[in-house]
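Right, one structure below, let's go through it.
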Amino acid sequence: MKAILFDRFGGTEVLHEADIEVPQPGPGQVRVRVKAAGLNALDGKIRSGALEAVFPTPLPSVPGHELAGVVDALGEGVRDVQVGDEVLGWSDTGSYAEYALATIVALKPAGLDWQHAVALPVAGETAERVLNLLGVAAGETVLMHGAAGAVGTLAVQLATARGARVIGTAGPANQDYLASLGATATVYGEGLVERVRALAPEGVDAVFDLAGKGALEDSITLRGGTERIVTIADFRANQLGITFANGPQERSAARLAALAQDAATGKVVTTVTAYPLDQAATAQQVSDAGHVRGKLVLTVD
């Protein structure tokens, strides 16, 4: 099968197409004919070798943590899906490929296309897990740094669905986008503390940092301490006494199915930018540069 892989760490130039063996499902696994693969910032950090101490990666490696596609084969003991089912979920073997294995999948609603389906597994699980970790509740104000990306797009909507108010930061080009999701938008950078205080004179109850670009000090100032601040992107967190939400992940097929249904009916909105699989290096360059609106996905013929 055709796959994108890297056999050394480095920039996006290490990604290349290769012909590798089609994986065989083990007990509890399904094999999926991939239609779309999700691309996450984590993919680039693993490819670069920056996270080798945290996430050791055997080489060669096929990137990708989420997929949407058609079940093609079943491993022993699988009962909840059948060959031919359209599914979305988390990949066990890397999803930048024509076929991938998965253990946790949900049925894809008919009204949800492949590209928007694959925007849900990682971003939805991360957003919900962090909102739970922060204890976000109705009537509270949550500050989200870098809220226009894939996780932020869902986190804004899930927080407002809880009855919380979201103040989201993003670049000038994404101010209207955040407002369309239900957030009160403001730009990041110098003067952020003053802008947030003007928008929320009563203060902010929690902070969700999705940007990882120097916003933690401002967050501590706004919160008056480190309590109820969580980052998924700033590796200085421990030095500052702030929680870095690196797991354990809470992957639930039932919760993913519910989120997919909400996306299919328009209750939850996703935004995607798609590249063909053979342009994975270009897509990772865009991801590495930051400032992505919504989700980057790879389409597989």
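Ligands are numbered from 1 in the order shown, residues from 1 within each chain, and chains are lettered A, B, ... in the order they appear in the structure tokens.
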
> Can you list, as a VMD selection string, every protein, DNA or RNA residue that comes within 12 Å of stretch 13-18 of chain A when you count only C-alpha atoms, leaving out same-chain residues fewer than 6 positions away?
Replying inline: chain A and resid 1 to 7 43 to 44 46 to 49 59 to 63 96 to 98 277 to 285

Write out as CSV a residue-level contact list of stretch 116-152 of chain A versus stretch 194-201 of chain A with cut-off 12 Å: for each qualifying residue the closest pair of atoms and the distance in Å to one decimal, counting only C-alpha atoms, rows sorted by chain and residue number upward.
```
residue,atom,partner,partner_atom,distance
A:Glu140,CA,A:Ala200,CA,10.7
A:Thr141,CA,A:Ala200,CA,7.9
A:Val142,CA,A:Ala200,CA,9.9
A:Leu143,CA,A:Val196,CA,8.4
A:Met144,CA,A:Val196,CA,10.9
A:His145,CA,A:Val196,CA,11.2
```

>> Please compute the atom CA of A:Gly149-atom CA of A:Gly294 distance, one decimal, in Å.
In response: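 About the pair atom CA of A:Gly149 and atom CA of A:Gly294: they are 4.4 Å apart.
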
>> I'd like the neighbourhood of A:His116 as JSON, numbers by chain, where a residue qualifies if any of its atoms comes within 12 Å (using only C-alpha atoms), though same-chain residues fewer than 4 positions away should be ignored.
In response: {"A": [35, 36, 37, 38, 67, 68, 69, 88, 108, 109, 110, 111, 112, 120, 121, 123, 150, 259, 260, 261, 262, 263, 264, 266, 268, 269, 270, 271, 272, 273, 274, 294, 295, 296, 297, 298, 299]}

>> So that I can see what lies close to A:Gln157, please list as a VMD selection string the residues with an atom at most 9 Å from it, counting only C-alpha atoms and leaving out residues fewer than 2 positions away in the same chain.
In response: chain A and resid 152 to 155 159 to 162 166 181 to 183 268 to 269

Next, the residues of the selection above should be written as a PDB file, in the first residue's frame with N, CA, C and O atoms.
```
ATOM      1  N   GLY A 152      -9.197  24.234  19.435  1.00  0.00           N
ATOM      2  CA  GLY A 152      -9.892  25.437  19.876  1.00  0.00           C
ATOM      3  C   GLY A 152     -11.271  25.571  19.268  1.00  0.00           C
ATOM      4  O   GLY A 152     -12.224  25.977  19.944  1.00  0.00           O
ATOM      5  N   THR A 153     -11.390  25.235  17.988  1.00  0.00           N
ATOM      6  CA  THR A 153     -12.690  25.321  17.318  1.00  0.00           C
ATOM      7  C   THR A 153     -13.747  24.515  18.068  1.00  0.00           C
ATOM      8  O   THR A 153     -14.878  24.986  18.271  1.00  0.00           O
ATOM      9  N   LEU A 154     -13.378  23.315  18.507  1.00  0.00           N
ATOM     10  CA  LEU A 154     -14.333  22.494  19.254  1.00  0.00           C
ATOM     11  C   LEU A 154     -14.428  22.929  20.715  1.00  0.00           C
ATOM     12  O   LEU A 154     -15.516  22.921  21.289  1.00  0.00           O
ATOM     13  N   ALA A 155     -13.300  23.309  21.307  1.00  0.00           N
ATOM     14  CA  ALA A 155     -13.314  23.700  22.721  1.00  0.00           C
ATOM     15  C   ALA A 155     -14.210  24.913  22.957  1.00  0.00           C
ATOM     16  O   ALA A 155     -14.937  24.971  23.963  1.00  0.00           O
ATOM     17  N   ALA A 159     -17.420  24.506  25.358  1.00  0.00           N
ATOM     18  CA  ALA A 159     -17.483  25.336  26.575  1.00  0.00           C
ATOM     19  C   ALA A 159     -18.742  26.190  26.596  1.00  0.00           C
ATOM     20  O   ALA A 159     -19.417  26.295  27.632  1.00  0.00           O
ATOM     21  N   THR A 160     -19.068  26.791  25.464  1.00  0.00           N
ATOM     22  CA  THR A 160     -20.275  27.616  25.435  1.00  0.00           C
ATOM     23  C   THR A 160     -21.526  26.760  25.595  1.00  0.00           C
ATOM     24  O   THR A 160     -22.522  27.203  26.168  1.00  0.00           O
ATOM     25  N   ALA A 161     -21.472  25.504  25.115  1.00  0.00           N
ATOM     26  CA  ALA A 161     -22.607  24.593  25.304  1.00  0.00           C
ATOM     27  C   ALA A 161     -22.818  24.284  26.781  1.00  0.00           C
ATOM     28  O   ALA A 161     -23.931  23.948  27.200  1.00  0.00           O
ATOM     29  N   ARG A 162     -21.762  24.389  27.567  1.00  0.00           N
ATOM     30  CA  ARG A 162     -21.872  24.190  29.016  1.00  0.00           C
ATOM     31  C   ARG A 162     -22.428  25.430  29.720  1.00  0.00           C
ATOM     32  O   ARG A 162     -22.666  25.403  30.925  1.00  0.00           O
ATOM     33  N   VAL A 166     -16.582  32.317  26.657  1.00  0.00           N
ATOM     34  CA  VAL A 166     -15.218  32.100  26.195  1.00  0.00           C
ATOM     35  C   VAL A 166     -14.645  33.394  25.635  1.00  0.00           C
ATOM     36  O   VAL A 166     -15.259  34.039  24.790  1.00  0.00           O
ATOM     37  N   LEU A 181     -18.003  31.285  16.189  1.00  0.00           N
ATOM     38  CA  LEU A 181     -18.098  30.075  17.004  1.00  0.00           C
ATOM     39  C   LEU A 181     -18.744  30.340  18.362  1.00  0.00           C
ATOM     40  O   LEU A 181     -19.062  29.397  19.089  1.00  0.00           O
ATOM     41  N   GLY A 182     -18.893  31.605  18.689  1.00  0.00           N
ATOM     42  CA  GLY A 182     -19.514  31.955  19.964  1.00  0.00           C
ATOM     43  C   GLY A 182     -18.583  32.554  20.992  1.00  0.00           C
ATOM     44  O   GLY A 182     -18.977  32.796  22.138  1.00  0.00           O
ATOM     45  N   ALA A 183     -17.335  32.818  20.601  1.00  0.00           N
ATOM     46  CA  ALA A 183     -16.363  33.394  21.532  1.00  0.00           C
ATOM     47  C   ALA A 183     -16.346  34.912  21.452  1.00  0.00           C
ATOM     48  O   ALA A 183     -16.745  35.501  20.445  1.00  0.00           O
ATOM     49  N   VAL A 268     -22.568  21.185  16.018  1.00  0.00           N
ATOM     50  CA  VAL A 268     -21.143  21.481  16.187  1.00  0.00           C
ATOM     51  C   VAL A 268     -20.562  21.734  14.806  1.00  0.00           C
ATOM     52  O   VAL A 268     -20.828  20.980  13.870  1.00  0.00           O
ATOM     53  N   VAL A 269     -19.779  22.809  14.687  1.00  0.00           N
ATOM     54  CA  VAL A 269     -19.208  23.206  13.402  1.00  0.00           C
ATOM     55  C   VAL A 269     -17.728  22.861  13.367  1.00  0.00           C
ATOM     56  O   VAL A 269     -17.005  23.080  14.348  1.00  0.00           O
TER      57      VAL A 269
END
```

>> Could you list, as a PyMOL selection string, every residue within 12 Å of A:Ser219, counting only C-alpha atoms and ignoring same-chain residues fewer than 3 positions away?
In response: chain A and resi 142-145+188+192-194+196-197+203-209+212-216+222-231+237+240+242

> Got a sec to tell me which of stretch 65-261 of chain A DSSP assigns to strand (DSSP E or B), as JSON, numbers by chain?
Replying inline: {"A": [66, 67, 68, 69, 70, 71, 72, 73, 74, 86, 87, 88, 89, 90, 91, 97, 99, 100, 101, 102, 103, 104, 105, 106, 107, 141, 142, 143, 144, 145, 149, 165, 166, 167, 168, 169, 170, 184, 185, 186, 187, 206, 207, 208, 209, 229, 230, 231, 243, 244]}

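For A:Gln249, the list of residues within 8 Å, based on only C-alpha atoms and with local chain neighbours fewer than 2 positions off taken out, reads Glu125, Thr126, Arg129, Asn246, Gly247 and Arg251 of chain A.
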
Filtering to C-alpha atoms, could you give me those residues as a short mmCIF file (atom, residue, chain, number, x, y, z; two decimals), in the first residue's frame?
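Once written, again_27.cif looks like this:
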```
data_model
loop_
_atom_site.label_atom_id
_atom_site.label_comp_id
_atom_site.auth_asym_id
_atom_site.auth_seq_id
_atom_site.Cartn_x
_atom_site.Cartn_y
_atom_site.Cartn_z
CA GLU A 125 -11.21 14.18 22.99
CA THR A 126 -8.57 16.81 23.85
CA ARG A 129 -10.71 16.27 28.56
CA ASN A 246 -0.56 15.17 28.15
CA GLY A 247 -2.92 12.38 29.19
CA ARG A 251 -10.98 7.75 24.06
#
```

>> Just list as a ChimeraX atom specification whatever in stretch 114-279 of chain A DSSP marks as alpha helix (DSSP H).
In response: /A:114-117,121-134,150-161,175-181,192-199,216-223,237-240,253-265

>> Given only C-alpha atoms as the basis, pick out the residue of A:Ala173, A:Val22, A:Ala137, A:Leu39 nearest to A:Pro276.
In response: A:Leu39

> If we count only C-alpha atoms, what is near A:Arg31 at a cut-off of 7 Å, once residues fewer than 3 positions away on the same chain are taken out, given as JSON, numbers by chain?
Replying inline: {"A": [25, 71, 72, 73, 74, 99, 100, 101, 102]}

Dump as a PDB file, in the first residue's frame, selection limited to all heavy atoms:
```
ATOM      1  N   PRO A  25      -5.101  -6.855  10.960  1.00  0.00           N
ATOM      2  CA  PRO A  25      -5.692  -6.552  12.268  1.00  0.00           C
ATOM      3  C   PRO A  25      -5.477  -7.666  13.273  1.00  0.00           C
ATOM      4  O   PRO A  25      -5.622  -8.852  12.962  1.00  0.00           O
ATOM      5  CB  PRO A  25      -7.177  -6.372  11.947  1.00  0.00           C
ATOM      6  CG  PRO A  25      -7.392  -7.166  10.691  1.00  0.00           C
ATOM      7  CD  PRO A  25      -6.116  -7.056   9.914  1.00  0.00           C
ATOM      8  N   VAL A  71     -14.399   0.275   6.959  1.00  0.00           N
ATOM      9  CA  VAL A  71     -13.862  -0.949   7.566  1.00  0.00           C
ATOM     10  C   VAL A  71     -13.661  -1.997   6.472  1.00  0.00           C
ATOM     11  O   VAL A  71     -14.574  -2.295   5.702  1.00  0.00           O
ATOM     12  CB  VAL A  71     -14.795  -1.480   8.663  1.00  0.00           C
ATOM     13  CG1 VAL A  71     -14.288  -2.826   9.187  1.00  0.00           C
ATOM     14  CG2 VAL A  71     -14.902  -0.474   9.807  1.00  0.00           C
ATOM     15  N   ASP A  72     -12.456  -2.566   6.446  1.00  0.00           N
ATOM     16  CA  ASP A  72     -12.051  -3.456   5.364  1.00  0.00           C
ATOM     17  C   ASP A  72     -11.785  -4.882   5.863  1.00  0.00           C
ATOM     18  O   ASP A  72     -11.875  -5.842   5.104  1.00  0.00           O
ATOM     19  CB  ASP A  72     -10.803  -2.816   4.718  1.00  0.00           C
ATOM     20  CG  ASP A  72      -9.906  -3.764   4.004  1.00  0.00           C
ATOM     21  OD1 ASP A  72     -10.119  -3.989   2.797  1.00  0.00           O
ATOM     22  OD2 ASP A  72      -8.974  -4.284   4.646  1.00  0.00           O
ATOM     23  N   ALA A  73     -11.445  -5.020   7.149  1.00  0.00           N
ATOM     24  CA  ALA A  73     -11.198  -6.332   7.738  1.00  0.00           C
ATOM     25  C   ALA A  73     -11.354  -6.240   9.245  1.00  0.00           C
ATOM     26  O   ALA A  73     -11.134  -5.175   9.838  1.00  0.00           O
ATOM     27  CB  ALA A  73      -9.799  -6.833   7.381  1.00  0.00           C
ATOM     28  N   LEU A  74     -11.722  -7.360   9.867  1.00  0.00           N
ATOM     29  CA  LEU A  74     -11.967  -7.404  11.306  1.00  0.00           C
ATOM     30  C   LEU A  74     -10.979  -8.344  11.983  1.00  0.00           C
ATOM     31  O   LEU A  74     -10.712  -9.441  11.492  1.00  0.00           O
ATOM     32  CB  LEU A  74     -13.382  -7.897  11.598  1.00  0.00           C
ATOM     33  CG  LEU A  74     -14.555  -7.153  10.959  1.00  0.00           C
ATOM     34  CD1 LEU A  74     -15.868  -7.839  11.344  1.00  0.00           C
ATOM     35  CD2 LEU A  74     -14.564  -5.692  11.380  1.00  0.00           C
ATOM     36  N   TYR A  99      -4.210   2.236   4.167  1.00  0.00           N
ATOM     37  CA  TYR A  99      -4.871   1.378   5.152  1.00  0.00           C
ATOM     38  C   TYR A  99      -4.238   1.618   6.514  1.00  0.00           C
ATOM     39  O   TYR A  99      -3.029   1.876   6.620  1.00  0.00           O
ATOM     40  CB  TYR A  99      -4.724  -0.106   4.797  1.00  0.00           C
ATOM     41  CG  TYR A  99      -5.440  -0.510   3.537  1.00  0.00           C
ATOM     42  CD1 TYR A  99      -4.796  -0.439   2.301  1.00  0.00           C
ATOM     43  CD2 TYR A  99      -6.759  -0.969   3.566  1.00  0.00           C
ATOM     44  CE1 TYR A  99      -5.439  -0.796   1.132  1.00  0.00           C
ATOM     45  CE2 TYR A  99      -7.412  -1.333   2.396  1.00  0.00           C
ATOM     46  CZ  TYR A  99      -6.751  -1.248   1.185  1.00  0.00           C
ATOM     47  OH  TYR A  99      -7.397  -1.608   0.032  1.00  0.00           O
ATOM     48  N   ALA A 100      -5.049   1.515   7.565  1.00  0.00           N
ATOM     49  CA  ALA A 100      -4.538   1.657   8.922  1.00  0.00           C
ATOM     50  C   ALA A 100      -5.376   0.797   9.851  1.00  0.00           C
ATOM     51  O   ALA A 100      -6.528   0.457   9.547  1.00  0.00           O
ATOM     52  CB  ALA A 100      -4.582   3.117   9.370  1.00  0.00           C
ATOM     53  N   LEU A 101      -4.790   0.446  10.983  1.00  0.00           N
ATOM     54  CA  LEU A 101      -5.513  -0.318  11.992  1.00  0.00           C
ATOM     55  C   LEU A 101      -6.042   0.617  13.070  1.00  0.00           C
ATOM     56  O   LEU A 101      -5.443   1.647  13.358  1.00  0.00           O
ATOM     57  CB  LEU A 101      -4.594  -1.366  12.625  1.00  0.00           C
ATOM     58  CG  LEU A 101      -3.953  -2.373  11.686  1.00  0.00           C
ATOM     59  CD1 LEU A 101      -3.112  -3.370  12.488  1.00  0.00           C
ATOM     60  CD2 LEU A 101      -5.002  -3.100  10.853  1.00  0.00           C
ATOM     61  N   ALA A 102      -7.158   0.207  13.665  1.00  0.00           N
ATOM     62  CA  ALA A 102      -7.757   1.006  14.734  1.00  0.00           C
ATOM     63  C   ALA A 102      -8.452   0.084  15.717  1.00  0.00           C
ATOM     64  O   ALA A 102      -8.973  -0.975  15.340  1.00  0.00           O
ATOM     65  CB  ALA A 102      -8.754   2.011  14.158  1.00  0.00           C
TER      66      ALA A 102
END
```

> Which residue out of A:Val32, A:Val187, A:Ala106, A:Ile20 has the minimum interatomic distance to A:Val300 when only C-alpha atoms are used?
Replying inline: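 When distances to A:Val300 are compared using only C-alpha atoms, the smallest one comes from A:Val32.
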
Residues of stretch 82-159 of chain A at most 12 Å from stretch 27-30 of chain A: nearest atom pair and distance in Å, only C-alpha atoms, as a Markdown table:
```
| residue | atom | partner | partner_atom | distance |
| --- | --- | --- | --- | --- |
| A:Gln82 | CA | A:Val30 | CA | 9.0 |
| A:Val83 | CA | A:Val30 | CA | 8.7 |
| A:Gly84 | CA | A:Val30 | CA | 11.1 |
| A:Asp85 | CA | A:Val30 | CA | 10.6 |
| A:Glu86 | CA | A:Val30 | CA | 11.7 |
| A:Val87 | CA | A:Val30 | CA | 10.3 |
| A:Leu88 | CA | A:Val30 | CA | 11.5 |
| A:Gly89 | CA | A:Val30 | CA | 10.7 |
| A:Trp90 | CA | A:Val30 | CA | 11.0 |
| A:Ser91 | CA | A:Val30 | CA | 9.8 |
| A:Asp92 | CA | A:Gln29 | CA | 8.7 |
| A:Thr93 | CA | A:Gln29 | CA | 10.8 |
| A:Tyr99 | CA | A:Val30 | CA | 10.3 |
| A:Ala100 | CA | A:Val30 | CA | 8.4 |
| A:Leu101 | CA | A:Val30 | CA | 5.6 |
| A:Ala102 | CA | A:Val30 | CA | 5.4 |
| A:Thr103 | CA | A:Gln29 | CA | 4.6 |
| A:Ile104 | CA | A:Gln29 | CA | 8.0 |
| A:Val105 | CA | A:Val30 | CA | 8.7 |
| A:Ala106 | CA | A:Val30 | CA | 11.5 |
```

Expected file contents, prior selection, N, CA and C atoms, as a short mmCIF file (atom, residue, chain, number, x, y, z; two decimals), in the first residue's frame:
```cif
data_model
loop_
_atom_site.label_atom_id
_atom_site.label_comp_id
_atom_site.auth_asym_id
_atom_site.auth_seq_id
_atom_site.Cartn_x
_atom_site.Cartn_y
_atom_site.Cartn_z
N GLN A 82 -18.89 -3.81 11.30
CA GLN A 82 -18.81 -4.84 10.27
C GLN A 82 -18.00 -4.33 9.08
N VAL A 83 -17.51 -5.26 8.27
CA VAL A 83 -16.85 -4.88 7.03
C VAL A 83 -17.82 -4.06 6.19
N GLY A 84 -17.35 -2.94 5.67
CA GLY A 84 -18.18 -2.05 4.87
C GLY A 84 -18.71 -0.86 5.64
N ASP A 85 -18.63 -0.88 6.98
CA ASP A 85 -19.10 0.25 7.78
C ASP A 85 -18.19 1.46 7.57
N GLU A 86 -18.79 2.64 7.53
CA GLU A 86 -18.03 3.88 7.46
C GLU A 86 -17.80 4.37 8.88
N VAL A 87 -16.53 4.62 9.22
CA VAL A 87 -16.18 4.91 10.61
C VAL A 87 -15.20 6.08 10.70
N LEU A 88 -15.04 6.58 11.92
CA LEU A 88 -14.00 7.54 12.27
C LEU A 88 -13.44 7.12 13.61
N GLY A 89 -12.18 7.45 13.85
CA GLY A 89 -11.60 7.07 15.12
C GLY A 89 -10.11 7.33 15.17
N TRP A 90 -9.47 6.65 16.11
CA TRP A 90 -8.04 6.84 16.37
C TRP A 90 -7.25 5.70 15.74
N SER A 91 -6.18 6.03 15.04
CA SER A 91 -5.40 5.00 14.37
C SER A 91 -4.35 4.42 15.30
N ASP A 92 -4.12 3.13 15.17
CA ASP A 92 -3.09 2.44 15.94
C ASP A 92 -1.76 2.39 15.20
N THR A 93 -1.79 2.52 13.89
CA THR A 93 -0.59 2.27 13.08
C THR A 93 -0.13 3.46 12.26
N TYR A 99 -4.21 2.24 4.17
CA TYR A 99 -4.87 1.38 5.15
C TYR A 99 -4.24 1.62 6.51
N ALA A 100 -5.05 1.51 7.56
CA ALA A 100 -4.54 1.66 8.92
C ALA A 100 -5.38 0.80 9.85
N LEU A 101 -4.79 0.45 10.98
CA LEU A 101 -5.51 -0.32 11.99
C LEU A 101 -6.04 0.62 13.07
N ALA A 102 -7.16 0.21 13.66
CA ALA A 102 -7.76 1.01 14.73
C ALA A 102 -8.45 0.08 15.72
N THR A 103 -8.48 0.50 16.97
CA THR A 103 -9.17 -0.25 18.01
C THR A 103 -10.46 0.45 18.43
N ILE A 104 -10.43 1.77 18.49
CA ILE A 104 -11.61 2.54 18.93
C ILE A 104 -12.13 3.36 17.75
N VAL A 105 -13.30 3.01 17.27
CA VAL A 105 -13.93 3.72 16.16
C VAL A 105 -15.41 3.92 16.45
N ALA A 106 -16.00 4.89 15.77
CA ALA A 106 -17.43 5.14 15.85
C ALA A 106 -17.99 5.16 14.44
#
```

>> Given only C-alpha atoms as the basis, pick out the residue of A:Thr221, A:Gly163, A:Arg293, A:Trp114 nearest to A:Tyr177.
In response: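 Of all the options, A:Arg293 lies closest to A:Tyr177.
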
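The interatomic distance for the pair atom CA of A:Asp176 and atom CA of A:Thr265 works out to 22.6 Å.
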